[in-house]
file structure_33.txt (compact mmCIF, C-alpha atoms)
# COMPACT_ATOMS: atom_id res chain seq x y z
CA MET A 195 0.00 0.00 0.00
CA VAL A 196 2.84 2.40 0.71
CA GLY A 197 3.77 2.29 -2.99
CA LEU A 198 0.27 3.21 -4.10
CA GLU A 199 0.10 6.06 -1.59
CA LYS A 200 3.49 7.44 -2.61
CA ALA A 201 2.70 7.17 -6.31
CA MET A 202 -0.66 8.89 -6.07
CA THR A 203 0.70 11.61 -3.79
CA SER A 204 3.66 12.20 -6.10
CA LEU A 205 1.44 12.34 -9.17
CA GLY A 206 -0.94 14.76 -7.44
CA VAL A 207 1.92 17.00 -6.38
CA GLY A 208 3.34 16.89 -9.91
CA LEU A 209 -0.02 17.74 -11.45
CA ALA A 210 -0.20 20.71 -9.08
CA GLY A 211 3.05 22.03 -10.60
CA CYS A 212 5.85 20.75 -8.39
CA ASN A 213 8.90 19.57 -10.31
CA MET A 214 11.35 18.90 -7.48
CA VAL A 215 11.16 16.30 -4.72
CA TYR A 216 12.93 16.69 -1.38
CA GLU A 217 12.90 14.45 1.67
CA SER A 218 10.71 11.74 0.28
CA SER A 219 12.69 9.47 -2.02
CA GLY A 220 13.54 6.39 -0.05
CA MET A 221 11.63 7.65 2.97
CA MET A 222 8.89 5.77 4.78
CA ALA A 223 6.67 6.30 7.84
CA SER A 224 6.52 10.09 7.57
CA LEU A 225 10.32 10.36 7.27
CA LEU A 226 10.93 8.11 10.30
CA GLY A 227 12.64 5.50 8.14
CA ALA A 228 14.55 5.25 4.91
CA SER A 229 15.98 2.52 2.75
CA PHE A 230 18.17 2.21 -0.29
CA GLU A 231 15.63 -0.16 -1.85
CA ALA A 232 12.85 2.39 -1.45
CA MET A 233 15.12 5.03 -2.97
CA LEU A 234 15.60 2.96 -6.13
CA ILE A 235 11.90 2.13 -6.33
CA ASP A 236 10.95 5.77 -5.78
CA ASP A 237 13.38 6.83 -8.51
CA GLU A 238 11.55 4.58 -10.96
CA MET A 239 8.15 5.73 -9.72
CA LEU A 240 9.10 9.42 -9.99
CA SER A 241 10.47 8.81 -13.49
CA GLN A 242 7.06 7.46 -14.50
CA VAL A 243 5.33 10.44 -12.86
CA TYR A 244 7.65 12.80 -14.74
CA ARG A 245 6.86 11.03 -18.02
CA THR A 246 3.13 11.38 -17.31
CA LEU A 247 3.52 15.09 -16.57
CA ARG A 248 5.36 15.60 -19.85
CA GLY A 249 2.08 14.86 -21.57
CA ILE A 250 1.43 13.86 -25.15
CA GLU A 251 2.70 16.07 -27.94
CA VAL A 252 0.16 16.49 -30.72
CA THR A 253 1.61 17.66 -34.03
CA GLU A 254 1.30 16.67 -37.67
CA GLU A 255 4.32 14.43 -37.17
CA THR A 256 3.15 12.74 -33.96
CA LEU A 257 -0.36 12.12 -35.34
CA GLY A 258 1.24 10.09 -38.11
CA PHE A 259 -1.31 10.39 -40.90
CA GLU A 260 1.20 8.99 -43.38
CA ALA A 261 1.90 6.03 -41.07
CA ILE A 262 -1.84 5.38 -40.83
CA LYS A 263 -2.17 5.43 -44.61
CA GLU A 264 0.78 3.06 -44.95
CA ALA A 265 -0.84 0.66 -42.47
CA VAL A 266 -4.23 0.80 -44.17
CA TYR A 267 -2.92 0.41 -47.70
CA GLY A 268 0.11 -1.68 -46.82
CA GLU A 269 0.61 -4.59 -44.43
CA GLY A 270 -2.53 -3.86 -42.43
CA HIS A 271 -0.66 -2.93 -39.24
CA PHE A 272 1.75 -0.28 -38.05
CA LEU A 273 3.89 -2.29 -35.61
CA GLY A 274 7.06 -2.41 -37.70
CA GLY A 275 6.82 1.09 -39.13
CA GLN A 276 9.48 3.71 -38.50
CA HIS A 277 6.89 6.14 -37.16
CA THR A 278 5.87 3.56 -34.54
CA MET A 279 9.49 2.84 -33.59
CA ASP A 280 10.21 6.56 -33.23
CA ALA A 281 7.06 7.05 -31.14
CA MET A 282 8.00 4.15 -28.84
CA GLN A 283 11.41 5.70 -28.17
CA ARG A 284 9.96 9.19 -27.68
CA ASP A 285 6.72 8.53 -25.82
CA TYR A 286 6.92 5.22 -23.99
CA PHE A 287 8.32 4.99 -20.46
CA TRP A 288 11.07 2.38 -20.38
CA PRO A 289 11.47 1.34 -16.75
CA SER A 290 14.66 0.10 -15.15
CA LYS A 291 15.07 -3.54 -14.25
CA LEU A 292 12.95 -3.08 -11.13
CA THR A 293 9.63 -3.12 -12.93
CA ASP A 294 8.91 -6.60 -14.20
CA ARG A 295 6.64 -6.75 -17.23
CA GLN A 296 7.30 -10.40 -17.99
CA GLN A 297 4.56 -12.96 -18.36
CA PRO A 298 3.73 -14.63 -15.02
CA SER A 299 5.23 -17.92 -16.19
CA VAL A 300 8.53 -16.22 -17.09
CA TRP A 301 8.51 -14.34 -13.77
CA GLU A 302 8.08 -17.65 -11.94
CA GLU A 303 10.88 -19.29 -13.96
CA GLN A 304 13.18 -16.40 -13.02
CA GLY A 305 12.61 -16.87 -9.28
CA SER A 306 9.35 -14.96 -8.60
CA LEU A 307 11.21 -11.97 -7.16
CA ASP A 308 9.07 -9.04 -6.11
CA MET A 309 10.15 -5.44 -6.71
CA TRP A 310 11.65 -5.07 -3.23
CA GLN A 311 13.82 -8.15 -3.79
CA ARG A 312 14.94 -6.87 -7.20
CA ALA A 313 15.74 -3.49 -5.62
CA ASN A 314 17.72 -5.19 -2.85
CA THR A 315 19.81 -7.04 -5.43
CA ARG A 316 20.47 -3.78 -7.30
CA VAL A 317 21.36 -1.95 -4.07
CA LYS A 318 23.96 -4.59 -3.28
CA GLU A 319 25.41 -4.25 -6.79
CA ILE A 320 25.61 -0.46 -6.52
CA LEU A 321 27.23 -0.56 -3.09
CA ALA A 322 29.78 -3.13 -4.29
CA GLU A 323 30.59 -1.42 -7.59
CA HIS A 324 30.26 2.31 -6.96
CA GLN A 325 33.46 3.59 -5.46
CA PRO A 326 33.47 7.36 -5.98
CA VAL A 327 36.71 9.30 -5.67
CA TYR A 328 36.11 12.68 -4.07
CA ILE A 329 39.68 13.77 -3.59
CA ARG A 330 42.82 13.12 -5.59
CA PRO A 331 45.01 10.22 -4.39
CA GLU A 332 47.91 12.62 -3.71
CA THR A 333 45.71 14.74 -1.45
CA ASP A 334 44.47 11.64 0.38
CA ALA A 335 48.03 10.45 0.91
CA GLU A 336 49.07 13.86 2.30
CA ILE A 337 46.13 13.94 4.70
CA ARG A 338 46.96 10.42 5.89
CA ARG A 339 50.60 11.40 6.48
CA LYS A 340 49.51 14.39 8.51
CA TYR A 341 46.67 12.81 10.52
CA LYS A 342 45.94 9.40 12.02
CA ILE A 343 43.17 8.26 9.65
CA LEU A 344 41.57 4.94 10.68
CA LEU A 345 39.38 4.57 7.61
CA GLU A 346 40.99 2.54 4.83
CA ALA A 347 41.94 4.40 1.68
call {"tool": "encode", "arguments": {"input": "structure_33.txt", "output": "C-alpha cells"}}
result
Amino acid sequence: MVGLEKAMTSLGVGLAGCNMVYESSGMMASLLGASFEAMLIDDEMLSQVYRTLRGIEVTEETLGFEAIKEAVYGEGHFLGGQHTMDAMQRDYFWPSKLTDRQQPSVWEEQGSLDMWQRANTRVKEILAEHQPVYIRPETDAEIRRKYKILLEA
C-alpha cells in the first residue's frame, strides 16, 4: 500500500506544478525510516510520474497520418513502421530492471522476485561497484601522512 500512496501523492503534487522532490525518495513512515531499496523504487516511480507530466505532444508528425495510410494500404498494421518505432522511443516509459513486465510464467521461472527483492539485489550491486573518488590520491596520501586516519583508503 505504501507504494500506491506514494505514487498517487507524487502524481498529485506533480499535477499541481511541483517539479522537485525533497525528503521523500527512499523515505517511509513520515520520514521516520529510509531505505536504499525504497530510494531505487521511488526513482523509478518518480520517473514514471515525470513522463506522465510531460504529456502527449500532438503535431502533424506525432499524429502520423502517413503512417496510418501506410498501415491501411500496406501490411494492415503499423507495428514495424518507423513512425511507430520513433514514437516508442519518444513517448513510452522504459522502466529500469525493477519493474517486471514479464509474463507470469517467465517471472516464476526467473525466481518470482518481487520489486523489493529486485531493488535489494540492485542496491547490493551499486554498493559493491560504486566507489566514488572525491579527492585526488595525492591529497588523500598527504592527509593520511599528517593525521591518524583509521578509515581505509
call {"tool": "residues_around", "arguments": {"input": "structure_33.txt", "residues": "Tyr216 in chain A", "least_positions_apart": "2", "cutoff": "12 Å", "atoms": "all atoms listed in the file", "output": "PyMOL selection string"}}
result
chain A and resi 204+212-214+218-221+225+233+236+240
call {"tool": "atom_distance", "arguments": {"input": "structure_33.txt", "atom1": "CA of Ser290 in chain A", "atom2": "CA of Thr256 in chain A"}}
result
25.4 Å
call {"tool": "atom_distance", "arguments": {"input": "structure_33.txt", "atom1": "CA of Lys340 in chain A", "atom2": "CA of His324 in chain A"}}
result
27.5 Å
call {"tool": "closest_residue", "arguments": {"input": "structure_33.txt", "among": "A:Gly274, A:Glu255, A:Gly249, A:Arg312", "to": "Tyr286 in chain A", "atoms": "all atoms listed in the file"}}
result
A:Gly249
call {"tool": "residues_near_point", "arguments": {"input": "structure_33.txt", "point": "(23.8, 1.6, -6.2)", "cutoff": "12 Å", "atoms": "only C-alpha atoms", "output": "number ranges by chain"}}
result
A: 229-235, 237, 313-326
call {"tool": "atom_distance", "arguments": {"input": "structure_33.txt", "atom1": "CA of Met309 in chain A", "atom2": "CA of Gly208 in chain A"}}
result
23.6 Å
call {"tool": "closest_residue", "arguments": {"input": "structure_33.txt", "among": "A:Gly227, A:Lys342, A:Gln296, A:Ala347", "to": "Arg330 in chain A", "atoms": "only C-alpha atoms"}}
result
A:Ala347
call {"tool": "residues_around", "arguments": {"input": "structure_33.txt", "residues": "Gly211 in chain A", "least_positions_apart": "5", "cutoff": "12 Å", "atoms": "all atoms listed in the file", "output": "number ranges by chain"}}
result
A: 204-206, 244, 247-248
